[in-house]
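Coordinates as given in run.pdb (PDB, C-alpha atoms and all ligand atoms):
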```
ATOM      1  CA  MET A   1     -11.150 -23.484  27.194
ATOM      2  CA  LYS A   2     -10.941 -27.271  27.574
ATOM      3  CA  LYS A   3      -8.357 -29.771  26.337
ATOM      4  CA  VAL A   4      -9.466 -32.480  23.907
ATOM      5  CA  ARG A   5      -9.500 -35.940  25.530
ATOM      6  CA  SER A   6     -10.249 -38.083  22.515
ATOM      7  CA  LYS A   7     -11.019 -37.890  18.821
ATOM      8  CA  ARG A   8     -14.648 -36.883  18.943
ATOM      9  CA  LEU A   9     -16.720 -35.552  16.093
ATOM     10  CA  CYS A  10     -19.820 -33.469  16.729
ATOM     11  CA  ILE A  11     -22.434 -33.131  13.999
ATOM     12  CA  ILE A  12     -24.899 -30.326  14.606
ATOM     13  CA  GLY A  13     -27.874 -31.155  12.372
ATOM     14  CA  VAL A  14     -27.983 -34.907  11.756
ATOM     15  CA  GLY A  15     -29.929 -34.672   8.511
ATOM     16  CA  LEU A  16     -29.179 -35.718   4.948
ATOM     17  CA  ILE A  17     -25.759 -34.048   4.787
ATOM     18  CA  GLY A  18     -24.659 -34.258   8.437
ATOM     19  CA  GLY A  19     -25.893 -37.864   8.685
ATOM     20  CA  SER A  20     -24.195 -38.900   5.441
ATOM     21  CA  LEU A  21     -20.894 -37.383   6.575
ATOM     22  CA  ALA A  22     -21.174 -39.193   9.927
ATOM     23  CA  ARG A  23     -21.873 -42.496   8.157
ATOM     24  CA  ALA A  24     -18.948 -42.050   5.743
ATOM     25  CA  VAL A  25     -16.335 -41.147   8.381
ATOM     26  CA  ARG A  26     -17.619 -43.875  10.681
ATOM     27  CA  GLU A  27     -16.987 -46.480   7.974
ATOM     28  CA  LYS A  28     -13.365 -45.290   7.868
ATOM     29  CA  GLY A  29     -13.060 -45.231  11.680
ATOM     30  CA  LEU A  30     -11.828 -41.665  11.621
ATOM     31  CA  TYR A  31     -13.285 -40.736  15.029
ATOM     32  CA  HIS A  32     -13.651 -42.654  18.289
ATOM     33  CA  GLU A  33     -17.047 -41.172  18.965
ATOM     34  CA  ILE A  34     -19.663 -39.258  16.989
ATOM     35  CA  ILE A  35     -22.046 -36.988  18.892
ATOM     36  CA  GLY A  36     -25.189 -35.677  17.203
ATOM     37  CA  CYS A  37     -27.040 -32.499  18.055
ATOM     38  CA  GLY A  38     -30.373 -31.129  16.853
ATOM     39  CA  ARG A  39     -33.807 -30.011  17.950
ATOM     40  CA  SER A  40     -35.937 -33.118  17.535
ATOM     41  CA  VAL A  41     -35.253 -36.052  19.856
ATOM     42  CA  ALA A  42     -37.054 -38.393  17.445
ATOM     43  CA  ASN A  43     -34.558 -37.671  14.620
ATOM     44  CA  LEU A  44     -31.569 -38.033  16.963
ATOM     45  CA  GLU A  45     -32.883 -41.287  18.473
ATOM     46  CA  ARG A  46     -33.407 -42.617  14.967
ATOM     47  CA  ALA A  47     -29.819 -41.601  14.092
ATOM     48  CA  VAL A  48     -28.541 -43.634  17.078
ATOM     49  CA  GLU A  49     -30.744 -46.604  16.066
ATOM     50  CA  LEU A  50     -29.370 -46.456  12.532
ATOM     51  CA  GLY A  51     -25.809 -46.390  13.879
ATOM     52  CA  ILE A  52     -25.110 -42.953  12.388
ATOM     53  CA  ILE A  53     -24.116 -41.394  15.724
ATOM     54  CA  ASP A  54     -23.083 -42.904  19.067
ATOM     55  CA  ASN A  55     -24.858 -40.437  21.256
ATOM     56  CA  PHE A  56     -26.684 -37.142  21.198
ATOM     57  CA  GLU A  57     -27.038 -33.902  23.100
ATOM     58  CA  GLN A  58     -29.680 -31.259  22.482
ATOM     59  CA  ASP A  59     -27.655 -28.568  24.203
ATOM     60  CA  ILE A  60     -25.095 -27.255  21.701
ATOM     61  CA  GLY A  61     -22.609 -26.230  24.415
ATOM     62  CA  LYS A  62     -22.614 -29.750  25.882
ATOM     63  CA  ALA A  63     -22.478 -31.335  22.427
ATOM     64  CA  VAL A  64     -19.248 -29.570  21.354
ATOM     65  CA  ASN A  65     -17.565 -30.040  24.728
ATOM     66  CA  ASP A  66     -14.382 -32.164  24.303
ATOM     67  CA  CYS A  67     -14.828 -32.495  20.545
ATOM     68  CA  ASP A  68     -11.947 -31.956  18.179
ATOM     69  CA  MET A  69     -14.077 -31.523  15.053
ATOM     70  CA  VAL A  70     -17.476 -29.809  14.914
ATOM     71  CA  VAL A  71     -19.560 -29.832  11.716
ATOM     72  CA  VAL A  72     -22.495 -27.450  11.408
ATOM     73  CA  ALA A  73     -25.089 -28.990   9.061
ATOM     74  CA  VAL A  74     -28.278 -27.060   9.857
ATOM     75  CA  PRO A  75     -30.273 -24.760   7.513
ATOM     76  CA  LEU A  76     -28.453 -21.462   6.863
ATOM     77  CA  GLY A  77     -30.887 -19.351   8.917
ATOM     78  CA  ALA A  78     -29.873 -21.238  12.083
ATOM     79  CA  PHE A  79     -26.089 -20.777  11.728
ATOM     80  CA  LYS A  80     -25.655 -17.589  13.725
ATOM     81  CA  GLY A  81     -27.506 -18.969  16.748
ATOM     82  CA  VAL A  82     -25.595 -22.241  16.564
ATOM     83  CA  PHE A  83     -22.207 -20.437  16.464
ATOM     84  CA  GLU A  84     -23.216 -18.219  19.394
ATOM     85  CA  GLN A  85     -24.245 -21.203  21.487
ATOM     86  CA  MET A  86     -21.000 -23.135  20.871
ATOM     87  CA  LYS A  87     -18.510 -20.283  21.267
ATOM     88  CA  ASP A  88     -17.834 -20.560  25.007
ATOM     89  CA  HIS A  89     -17.745 -24.356  25.032
ATOM     90  CA  LEU A  90     -15.312 -25.180  22.227
ATOM     91  CA  PRO A  91     -11.996 -26.757  23.225
ATOM     92  CA  ASP A  92      -9.134 -24.493  22.066
ATOM     93  CA  THR A  93      -7.891 -27.143  19.627
ATOM     94  CA  ALA A  94     -11.312 -27.785  18.090
ATOM     95  CA  VAL A  95     -11.824 -27.193  14.390
ATOM     96  CA  VAL A  96     -15.267 -26.006  13.299
ATOM     97  CA  THR A  97     -16.520 -26.447   9.752
ATOM     98  CA  ASP A  98     -19.854 -26.330   7.965
ATOM     99  CA  VAL A  99     -21.716 -27.618   4.902
ATOM    100  CA  GLY A 100     -23.870 -24.564   4.139
ATOM    101  CA  SER A 101     -24.900 -23.906   0.541
ATOM    102  CA  ALA A 102     -23.809 -20.228   0.591
ATOM    103  CA  LYS A 103     -20.449 -19.171   1.979
ATOM    104  CA  GLN A 104     -20.227 -15.392   2.451
ATOM    105  CA  SER A 105     -23.200 -15.265   4.849
ATOM    106  CA  VAL A 106     -21.801 -18.170   6.882
ATOM    107  CA  ILE A 107     -18.363 -16.525   7.111
ATOM    108  CA  GLU A 108     -20.008 -13.290   8.295
ATOM    109  CA  ASP A 109     -22.019 -15.186  10.940
ATOM    110  CA  ALA A 110     -18.935 -17.097  12.117
ATOM    111  CA  LYS A 111     -16.784 -13.975  12.292
ATOM    112  CA  LYS A 112     -19.371 -12.161  14.424
ATOM    113  CA  ALA A 113     -20.177 -15.069  16.718
ATOM    114  CA  LEU A 114     -17.101 -17.259  17.199
ATOM    115  CA  GLY A 115     -14.556 -14.826  18.691
ATOM    116  CA  ASN A 116     -11.068 -16.405  18.919
ATOM    117  CA  ALA A 117     -12.400 -19.702  17.587
ATOM    118  CA  TYR A 118     -13.032 -17.990  14.232
ATOM    119  CA  GLN A 119      -9.455 -18.745  13.108
ATOM    120  CA  ASN A 120     -10.242 -22.459  13.446
ATOM    121  CA  PHE A 121     -13.409 -22.170  11.373
ATOM    122  CA  VAL A 122     -13.163 -23.659   7.863
ATOM    123  CA  PRO A 123     -16.112 -22.817   5.583
ATOM    124  CA  GLY A 124     -17.102 -25.768   3.394
ATOM    125  CA  HIS A 125     -19.771 -26.987   0.991
ATOM    126  CA  PRO A 126     -20.173 -30.528  -0.355
ATOM    127  CA  ILE A 127     -21.575 -30.437  -3.886
ATOM    128  CA  ALA A 128     -23.786 -33.435  -3.345
ATOM    129  CA  GLY A 129     -27.311 -33.961  -2.135
ATOM    130  CA  THR A 130     -30.797 -35.199  -2.857
ATOM    131  CA  GLU A 131     -34.281 -33.725  -2.408
ATOM    132  CA  LYS A 132     -34.737 -35.758   0.807
ATOM    133  CA  SER A 133     -34.194 -34.605   4.405
ATOM    134  CA  GLY A 134     -33.420 -35.996   7.840
ATOM    135  CA  ALA A 135     -31.162 -38.715   9.264
ATOM    136  CA  GLU A 136     -33.222 -41.456   7.635
ATOM    137  CA  ALA A 137     -32.367 -40.104   4.171
ATOM    138  CA  SER A 138     -28.592 -40.121   4.770
ATOM    139  CA  PHE A 139     -26.171 -42.604   3.182
ATOM    140  CA  ALA A 140     -22.409 -43.086   3.394
ATOM    141  CA  GLU A 141     -21.770 -42.997  -0.380
ATOM    142  CA  LEU A 142     -23.294 -39.544  -0.918
ATOM    143  CA  PHE A 143     -19.936 -37.788  -1.298
ATOM    144  CA  GLN A 144     -18.065 -40.437  -3.292
ATOM    145  CA  GLU A 145     -16.515 -38.907  -6.418
ATOM    146  CA  ARG A 146     -18.267 -35.636  -5.682
ATOM    147  CA  ARG A 147     -16.622 -32.296  -4.972
ATOM    148  CA  VAL A 148     -16.347 -30.516  -1.672
ATOM    149  CA  ILE A 149     -15.520 -26.818  -1.902
ATOM    150  CA  LEU A 150     -13.609 -25.175   0.956
ATOM    151  CA  THR A 151     -13.576 -21.374   1.063
ATOM    152  CA  PRO A 152     -10.969 -20.445   3.715
ATOM    153  CA  THR A 153     -10.284 -16.754   4.296
ATOM    154  CA  ASP A 154      -6.988 -14.996   5.136
ATOM    155  CA  ASP A 155      -7.865 -15.541   8.820
ATOM    156  CA  THR A 156      -8.319 -19.323   8.560
ATOM    157  CA  SER A 157      -5.668 -21.524  10.179
ATOM    158  CA  VAL A 158      -3.788 -23.625   7.619
ATOM    159  CA  GLU A 159      -3.769 -26.579  10.015
ATOM    160  CA  ALA A 160      -7.553 -26.383  10.437
ATOM    161  CA  VAL A 161      -7.990 -26.452   6.653
ATOM    162  CA  ALA A 162      -5.751 -29.537   6.437
ATOM    163  CA  ARG A 163      -7.844 -31.354   9.060
ATOM    164  CA  VAL A 164     -11.118 -30.577   7.304
ATOM    165  CA  ARG A 165      -9.628 -31.568   3.938
ATOM    166  CA  ALA A 166      -8.506 -34.923   5.391
ATOM    167  CA  MET A 167     -11.991 -35.577   6.826
ATOM    168  CA  TRP A 168     -13.696 -34.959   3.469
ATOM    169  CA  GLU A 169     -11.108 -36.904   1.481
ATOM    170  CA  CYS A 170     -11.871 -39.958   3.549
ATOM    171  CA  THR A 171     -15.520 -39.803   2.335
ATOM    172  CA  GLY A 172     -14.276 -40.309  -1.244
ATOM    173  CA  ALA A 173     -14.770 -36.664  -2.223
ATOM    174  CA  GLU A 174     -12.398 -34.435  -4.175
ATOM    175  CA  VAL A 175     -11.671 -31.314  -2.133
ATOM    176  CA  ILE A 176     -11.063 -27.992  -3.879
ATOM    177  CA  ASP A 177     -10.514 -24.440  -2.640
ATOM    178  CA  MET A 178     -12.417 -21.402  -3.896
ATOM    179  CA  GLU A 179     -12.909 -17.736  -3.027
ATOM    180  CA  PRO A 180     -16.159 -17.355  -1.027
ATOM    181  CA  ALA A 181     -17.654 -14.736  -3.398
ATOM    182  CA  HIS A 182     -16.838 -16.858  -6.437
ATOM    183  CA  HIS A 183     -18.411 -19.905  -4.758
ATOM    184  CA  ASP A 184     -21.627 -17.972  -4.146
ATOM    185  CA  GLU A 185     -21.825 -16.803  -7.784
ATOM    186  CA  VAL A 186     -21.120 -20.251  -9.222
ATOM    187  CA  LEU A 187     -23.632 -21.972  -6.924
ATOM    188  CA  ALA A 188     -26.281 -19.306  -7.566
ATOM    189  CA  ALA A 189     -26.105 -20.239 -11.251
ATOM    190  CA  THR A 190     -25.697 -24.002 -11.051
ATOM    191  CA  SER A 191     -27.849 -24.901  -8.050
ATOM    192  CA  HIS A 192     -29.852 -22.032  -6.594
ATOM    193  CA  LEU A 193     -31.386 -20.778  -9.873
ATOM    194  CA  PRO A 194     -32.522 -24.296 -10.947
ATOM    195  CA  HIS A 195     -34.227 -24.798  -7.565
ATOM    196  CA  VAL A 196     -35.981 -21.426  -7.811
ATOM    197  CA  LEU A 197     -37.172 -22.291 -11.342
ATOM    198  CA  ALA A 198     -38.392 -25.770 -10.351
ATOM    199  CA  TYR A 199     -40.358 -24.439  -7.368
ATOM    200  CA  THR A 200     -41.902 -21.671  -9.485
ATOM    201  CA  LEU A 201     -42.867 -24.000 -12.333
ATOM    202  CA  VAL A 202     -44.643 -26.429 -10.006
ATOM    203  CA  ASP A 203     -46.343 -23.576  -8.135
ATOM    204  CA  THR A 204     -47.533 -21.945 -11.361
ATOM    205  CA  LEU A 205     -48.972 -25.209 -12.692
ATOM    206  CA  ALA A 206     -50.474 -26.161  -9.337
ATOM    207  CA  ALA A 207     -52.408 -22.874  -9.255
ATOM    208  CA  MET A 208     -54.038 -23.520 -12.654
ATOM    209  CA  SER A 209     -57.658 -24.668 -12.680
ATOM    210  CA  GLU A 210     -56.742 -27.751 -14.772
ATOM    211  CA  ARG A 211     -54.020 -28.748 -12.281
ATOM    212  CA  ASP A 212     -55.248 -32.298 -11.707
ATOM    213  CA  GLU A 213     -55.231 -32.975 -15.409
ATOM    214  CA  ILE A 214     -51.813 -31.330 -15.848
ATOM    215  CA  PHE A 215     -50.209 -33.420 -13.110
ATOM    216  CA  GLN A 216     -51.990 -36.568 -14.330
ATOM    217  CA  TYR A 217     -50.404 -36.248 -17.774
ATOM    218  CA  ALA A 218     -47.030 -35.037 -16.539
ATOM    219  CA  ALA A 219     -44.379 -37.247 -18.106
ATOM    220  CA  GLY A 220     -40.676 -37.929 -17.543
ATOM    221  CA  GLY A 221     -39.553 -34.442 -18.568
ATOM    222  CA  PHE A 222     -41.735 -32.802 -15.941
ATOM    223  CA  ARG A 223     -40.537 -35.252 -13.293
ATOM    224  CA  ASP A 224     -36.859 -34.722 -14.203
ATOM    225  CA  PHE A 225     -37.189 -30.959 -14.236
ATOM    226  CA  THR A 226     -39.179 -30.678 -11.008
ATOM    227  CA  ARG A 227     -37.610 -33.374  -8.775
ATOM    228  CA  ILE A 228     -35.758 -30.717  -6.834
ATOM    229  CA  ALA A 229     -39.020 -28.893  -6.025
ATOM    230  CA  SER A 230     -39.543 -31.660  -3.440
ATOM    231  CA  SER A 231     -36.579 -30.273  -1.453
ATOM    232  CA  ASP A 232     -37.028 -28.844   2.019
ATOM    233  CA  PRO A 233     -38.764 -25.406   1.801
ATOM    234  CA  ALA A 234     -37.061 -24.008   4.938
ATOM    235  CA  MET A 235     -33.632 -24.877   3.584
ATOM    236  CA  TRP A 236     -34.326 -23.170   0.258
ATOM    237  CA  ARG A 237     -35.915 -20.121   1.868
ATOM    238  CA  ASP A 238     -32.693 -19.708   3.852
ATOM    239  CA  ILE A 239     -30.449 -20.215   0.797
ATOM    240  CA  CYS A 240     -32.360 -17.559  -1.202
ATOM    241  CA  ILE A 241     -31.973 -15.051   1.615
ATOM    242  CA  ALA A 242     -28.337 -15.935   2.383
ATOM    243  CA  ASN A 243     -27.233 -15.712  -1.273
ATOM    244  CA  ARG A 244     -29.678 -13.003  -2.344
ATOM    245  CA  ASP A 245     -27.340 -10.793  -4.391
ATOM    246  CA  ALA A 246     -25.787 -13.570  -6.475
ATOM    247  CA  ILE A 247     -29.199 -15.192  -7.060
ATOM    248  CA  MET A 248     -30.768 -11.868  -8.106
ATOM    249  CA  LYS A 249     -27.957 -11.300 -10.602
ATOM    250  CA  VAL A 250     -28.362 -14.634 -12.371
ATOM    251  CA  LEU A 251     -32.171 -14.533 -12.072
ATOM    252  CA  GLY A 252     -32.154 -11.124 -13.810
ATOM    253  CA  GLN A 253     -30.133 -12.578 -16.693
ATOM    254  CA  TYR A 254     -32.488 -15.557 -16.891
ATOM    255  CA  GLN A 255     -35.564 -13.280 -16.921
ATOM    256  CA  ARG A 256     -34.078 -11.306 -19.827
ATOM    257  CA  ASP A 257     -33.368 -14.520 -21.755
ATOM    258  CA  LEU A 258     -36.873 -15.853 -21.031
ATOM    259  CA  THR A 259     -38.390 -12.620 -22.321
ATOM    260  CA  ALA A 260     -36.361 -12.990 -25.536
ATOM    261  CA  LEU A 261     -37.546 -16.602 -25.870
ATOM    262  CA  SER A 262     -41.204 -15.552 -25.342
ATOM    263  CA  GLN A 263     -40.755 -12.951 -28.055
ATOM    264  CA  ALA A 264     -39.321 -15.545 -30.444
ATOM    265  CA  ILE A 265     -42.309 -17.847 -29.822
ATOM    266  CA  LEU A 266     -44.766 -14.974 -30.230
ATOM    267  CA  ASN A 267     -43.132 -13.970 -33.538
ATOM    268  CA  ASN A 268     -42.977 -17.538 -34.896
ATOM    269  CA  ASP A 269     -39.237 -16.894 -35.135
ATOM    270  CA  GLU A 270     -38.182 -20.406 -36.146
ATOM    271  CA  SER A 271     -34.482 -19.649 -36.563
ATOM    272  CA  ALA A 272     -34.167 -17.904 -33.171
ATOM    273  CA  LEU A 273     -35.853 -20.861 -31.464
ATOM    274  CA  PHE A 274     -33.786 -23.436 -33.332
ATOM    275  CA  GLU A 275     -30.528 -21.590 -32.625
ATOM    276  CA  LEU A 276     -31.275 -21.229 -28.909
ATOM    277  CA  PHE A 277     -32.319 -24.867 -28.466
ATOM    278  CA  SER A 278     -29.312 -26.110 -30.487
ATOM    279  CA  ARG A 279     -26.872 -23.974 -28.480
ATOM    280  CA  ALA A 280     -28.361 -25.228 -25.216
ATOM    281  CA  LYS A 281     -28.355 -28.871 -26.340
ATOM    282  CA  GLN A 282     -24.699 -28.665 -27.395
ATOM    283  CA  ALA A 283     -23.713 -27.011 -24.106
ATOM    284  CA  ARG A 284     -25.547 -29.630 -22.056
ATOM    285  CA  ASP A 285     -24.260 -32.602 -24.084
ATOM    286  CA  ARG A 286     -20.711 -31.253 -23.701
ATOM    287  CA  SER A 287     -21.074 -30.836 -19.947
ATOM    288  CA  ILE A 288     -22.591 -34.307 -19.458
ATOM    289  CA  ASN A 289     -19.851 -35.950 -21.549
ATOM    290  CA  SER A 290     -17.112 -34.200 -19.570
ATOM    291  CA  ASP A 291     -18.510 -35.439 -16.208
TER     292      ASP A 291
HETATM  293  P1  LIG B 301     -31.798 -31.719   6.642
HETATM  294  O1  LIG B 301     -31.764 -33.103   6.131
HETATM  295  O2  LIG B 301     -33.109 -31.055   6.873
HETATM  296  O3  LIG B 301     -30.940 -31.651   7.975
HETATM  297  C1  LIG B 301     -30.847 -30.495   8.746
HETATM  298  C2  LIG B 301     -30.726 -30.905  10.185
HETATM  299  O4  LIG B 301     -30.558 -29.743  10.985
HETATM  300  C3  LIG B 301     -31.937 -31.643  10.686
HETATM  301  O5  LIG B 301     -31.500 -32.854  11.243
HETATM  302  C4  LIG B 301     -32.528 -30.703  11.739
HETATM  303  O6  LIG B 301     -33.016 -31.510  12.776
HETATM  304  C5  LIG B 301     -31.367 -29.851  12.157
HETATM  305  N1  LIG B 301     -31.722 -28.485  12.531
HETATM  306  C6  LIG B 301     -32.536 -27.632  11.899
HETATM  307  N2  LIG B 301     -32.568 -26.454  12.511
HETATM  308  C7  LIG B 301     -31.755 -26.573  13.588
HETATM  309  C8  LIG B 301     -31.373 -25.698  14.648
HETATM  310  N3  LIG B 301     -31.859 -24.471  14.708
HETATM  311  N4  LIG B 301     -30.523 -26.154  15.561
HETATM  312  C9  LIG B 301     -30.037 -27.409  15.519
HETATM  313  N5  LIG B 301     -30.372 -28.284  14.538
HETATM  314  C10 LIG B 301     -31.213 -27.867  13.598
HETATM  315  O7  LIG B 301     -30.983 -30.734   5.667
HETATM  316  P2  LIG B 301     -29.694 -31.037   4.792
HETATM  317  O8  LIG B 301     -30.137 -31.278   3.398
HETATM  318  O9  LIG B 301     -28.832 -32.013   5.469
HETATM  319  O10 LIG B 301     -29.030 -29.584   4.802
HETATM  320  C11 LIG B 301     -28.216 -29.155   5.867
HETATM  321  C12 LIG B 301     -27.281 -28.064   5.370
HETATM  322  O11 LIG B 301     -26.552 -28.594   4.257
HETATM  323  C13 LIG B 301     -27.965 -26.802   4.886
HETATM  324  O12 LIG B 301     -27.253 -25.680   5.330
HETATM  325  C14 LIG B 301     -27.883 -26.899   3.363
HETATM  326  O13 LIG B 301     -27.783 -25.611   2.782
HETATM  327  C15 LIG B 301     -26.610 -27.692   3.164
HETATM  328  N6  LIG B 301     -26.541 -28.515   1.946
HETATM  329  C16 LIG B 301     -27.622 -29.225   1.534
HETATM  330  C17 LIG B 301     -27.530 -29.996   0.386
HETATM  331  C18 LIG B 301     -28.709 -30.803  -0.114
HETATM  332  O14 LIG B 301     -28.762 -31.147  -1.295
HETATM  333  N7  LIG B 301     -29.666 -31.141   0.729
HETATM  334  C19 LIG B 301     -26.327 -30.074  -0.325
HETATM  335  C20 LIG B 301     -25.217 -29.377   0.162
HETATM  336  C21 LIG B 301     -25.337 -28.589   1.298
HETATM  337  P3  LIG B 301     -34.160 -30.974  13.717
HETATM  338  O15 LIG B 301     -35.222 -30.412  12.820
HETATM  339  O16 LIG B 301     -34.588 -32.162  14.466
HETATM  340  O17 LIG B 301     -33.501 -29.958  14.561
END
```

Let me see the file written as structure tokens.
Ligand code: NAP
Amino acid sequence: MKKVRSKRLCIIGVGLIGGSLARAVREKGLYHEIIGCGRSVANLERAVELGIIDNFEQDIGKAVNDCDMVVVAVPLGAFKGVFEQMKDHLPDTAVVTDVGSAKQSVIEDAKKALGNAYQNFVPGHPIAGTEKSGAEASFAELFQERRVILTPTDDTSVEAVARVRAMWECTGAEVIDMEPAHHDEVLAATSHLPHVLAYTLVDTLAAMSERDEIFQYAAGGFRDFTRIASSDPAMWRDICIANRDAIMKVLGQYQRDLTALSQAILNNDESALFELFSRAKQARDRSINSD
């Protein structure tokens, strides 16, 4: 175990989320040095050019060495390996946090891989993003007036939570705490299900023989609904696997509701259709107005 020499932040995965966090905390001067880590040298070199990070290391052990805050911002499928590679190189005062879109799987990975450092691991998830990927897509304002959910467990050090909270607050985000299982259920409904639906809709239409004509005449509604189907496929594959149970639960409910809607259309059931659409419009209008 090493002692921390200076305030150094390590971002593992300098993509949209990791890069945006680095940009935001850099603007506030929260760390003396920001080290990036990832697989592709081209992305890391670009991140240095753009002033997102000061330096980079491809070896995770070397990257976390002497850092006092480590943020894991890679796709969920890579978490376990990343935790295993950092474990023996973390300074004893280092806090580790993450930005993963599901929390129970990340906590399980961290508990298995981090050993004593697990108590300084603070699970987190910024509720902000776009369909773009990589350092180039990052921007400092991404988290302003957005929420960041922390899901500490009974094992998590209170001081580590306070440090992670302070880091996120300086990006302009509102930080809230939530139970990990509750987080996974809420996000399955509000984020994961919409992505699954958008991908499926585009895939279904793309497989039709008239696809060119369909896409040619696609208007604003189609664009709005399917924007998120341009998101990174590896990231969404990993989210579906990591949050399988919660996604299956809400997907099952959606499939039942879709079957009922199909039946109403088939039966020319005007009142059922009107009631459903009115209910949904009211619910959406209410939620938009309360934002
Ligand atoms: P991204 O833009 O693709 O960035 C991911 C970064 O991780 C890339 O820079 C990638 O660089 C690196 N990476 C991938 N696999 C790696 C590995 N095995 N080891 C080390 N580095 C690796 O993705 P993102 O949108 O920032 O998402 C990152 C995390 O944030 C995910 O866990 C996601 O669930 C979560 N999240 C995303 C959003 C969103 O809307 N996008 C919102 C909230 C949370 P290389 O390919 O060069 O290694």

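Non-sequential neighbours of Phe274 (chain A) (distance at most 12 Å, separation of 5 or more positions within a chain, only C-alpha atoms) are Leu261, Ala264, Ile265, Asn268, Asp269, Arg279, Ala280 and Lys281 of chain A.
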
Per residue of chain A within 9 Å of ligand LIG 301 (chain B), note the shortest atom pair and the distance in Å to one decimal, counting only C-alpha atoms and all ligand atoms, and order the rows by chain and increasing residue number, as a Markdown table.
```
| residue | atom | partner | partner_atom | distance |
| --- | --- | --- | --- | --- |
| A:Ile12 | CA | B:LIG301 | N5 | 5.8 |
| A:Gly13 | CA | B:LIG301 | O4 | 3.3 |
| A:Val14 | CA | B:LIG301 | O5 | 4.1 |
| A:Gly15 | CA | B:LIG301 | O3 | 3.2 |
| A:Leu16 | CA | B:LIG301 | O9 | 3.8 |
| A:Ile17 | CA | B:LIG301 | O9 | 3.7 |
| A:Gly18 | CA | B:LIG301 | O9 | 5.6 |
| A:Gly19 | CA | B:LIG301 | O9 | 7.3 |
| A:Ser20 | CA | B:LIG301 | O9 | 8.3 |
| A:Cys37 | CA | B:LIG301 | N5 | 6.4 |
| A:Gly38 | CA | B:LIG301 | N5 | 3.7 |
| A:Arg39 | CA | B:LIG301 | O17 | 3.4 |
| A:Ser40 | CA | B:LIG301 | O16 | 3.5 |
| A:Val41 | CA | B:LIG301 | O16 | 6.7 |
| A:Ala42 | CA | B:LIG301 | O16 | 7.3 |
| A:Asn43 | CA | B:LIG301 | O16 | 5.5 |
| A:Leu44 | CA | B:LIG301 | O16 | 7.1 |
| A:Gln58 | CA | B:LIG301 | C9 | 8.0 |
| A:Ile60 | CA | B:LIG301 | C9 | 7.9 |
| A:Val72 | CA | B:LIG301 | C12 | 7.7 |
| A:Ala73 | CA | B:LIG301 | C12 | 4.4 |
| A:Val74 | CA | B:LIG301 | O4 | 3.7 |
| A:Pro75 | CA | B:LIG301 | O12 | 3.8 |
| A:Leu76 | CA | B:LIG301 | O12 | 4.6 |
| A:Gly77 | CA | B:LIG301 | N3 | 7.8 |
| A:Ala78 | CA | B:LIG301 | N3 | 4.6 |
| A:Phe79 | CA | B:LIG301 | N3 | 7.5 |
| A:Gly81 | CA | B:LIG301 | N3 | 7.3 |
| A:Val82 | CA | B:LIG301 | N4 | 6.4 |
| A:Asp98 | CA | B:LIG301 | O12 | 7.9 |
| A:Val99 | CA | B:LIG301 | O11 | 5.0 |
| A:Gly100 | CA | B:LIG301 | O12 | 3.8 |
| A:Ser101 | CA | B:LIG301 | O13 | 4.0 |
| A:Ala102 | CA | B:LIG301 | O13 | 7.0 |
| A:Gly124 | CA | B:LIG301 | C21 | 9.0 |
| A:His125 | CA | B:LIG301 | C21 | 5.8 |
| A:Pro126 | CA | B:LIG301 | C20 | 5.2 |
| A:Ile127 | CA | B:LIG301 | C20 | 5.5 |
| A:Ala128 | CA | B:LIG301 | C19 | 5.2 |
| A:Gly129 | CA | B:LIG301 | O14 | 3.3 |
| A:Thr130 | CA | B:LIG301 | O14 | 4.8 |
| A:Glu131 | CA | B:LIG301 | N7 | 6.1 |
| A:Lys132 | CA | B:LIG301 | O1 | 6.7 |
| A:Ser133 | CA | B:LIG301 | O1 | 3.3 |
| A:Gly134 | CA | B:LIG301 | O1 | 3.7 |
| A:Ala135 | CA | B:LIG301 | O5 | 6.2 |
| A:Glu136 | CA | B:LIG301 | O1 | 8.6 |
| A:Ala137 | CA | B:LIG301 | O1 | 7.3 |
| A:Ser138 | CA | B:LIG301 | O1 | 7.8 |
| A:Ile228 | CA | B:LIG301 | O14 | 8.9 |
| A:Ser231 | CA | B:LIG301 | N7 | 7.3 |
| A:Asp232 | CA | B:LIG301 | O2 | 6.6 |
| A:Ala234 | CA | B:LIG301 | O2 | 8.3 |
| A:Met235 | CA | B:LIG301 | O13 | 5.9 |
| A:Trp236 | CA | B:LIG301 | O13 | 7.4 |
| A:Asp238 | CA | B:LIG301 | O13 | 7.8 |
| A:Ile239 | CA | B:LIG301 | O13 | 6.3 |
```

I'd like the neighbourhood of Ala189 (chain A) as a list in words, where a residue qualifies if any of its atoms comes within 9 Å (using all atoms listed in the file), though same-chain residues fewer than 6 positions away should be ignored.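 Residues meeting the cut-off are Ala246, Ile247, Val250 and Leu251 of chain A.
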
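Reported to one decimal place, the separation of CA of Asp154 (chain A) from CA of Ala242 (chain A) is 21.5 Å.
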
Result set of the PyMOL selection byres (((chain A and resi 25-31) around 10) and not hetatm) on the coordinates above, as a list in words: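 Taken over the shown coordinates, the PyMOL selection byres (((chain A and resi 25-31) around 10) and not hetatm) returns Ser6, Lys7, Arg8, Leu9, Cys10, Ser20, Leu21, Ala22, Arg23, Ala24, His32, Glu33, Ile34, Gly51, Ile52, Ile53, Asp68, Met69, Ala140, Ala166, Met167, Trp168, Glu169, Cys170, Thr171 and Gly172 of chain A.
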
For Pro152 (chain A), which residue among A:Ala47, A:Phe139, A:Tyr199, A:Val96 is the nearest when counting only C-alpha atoms?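 For Pro152 (chain A), the nearest of the candidates is A:Val96.
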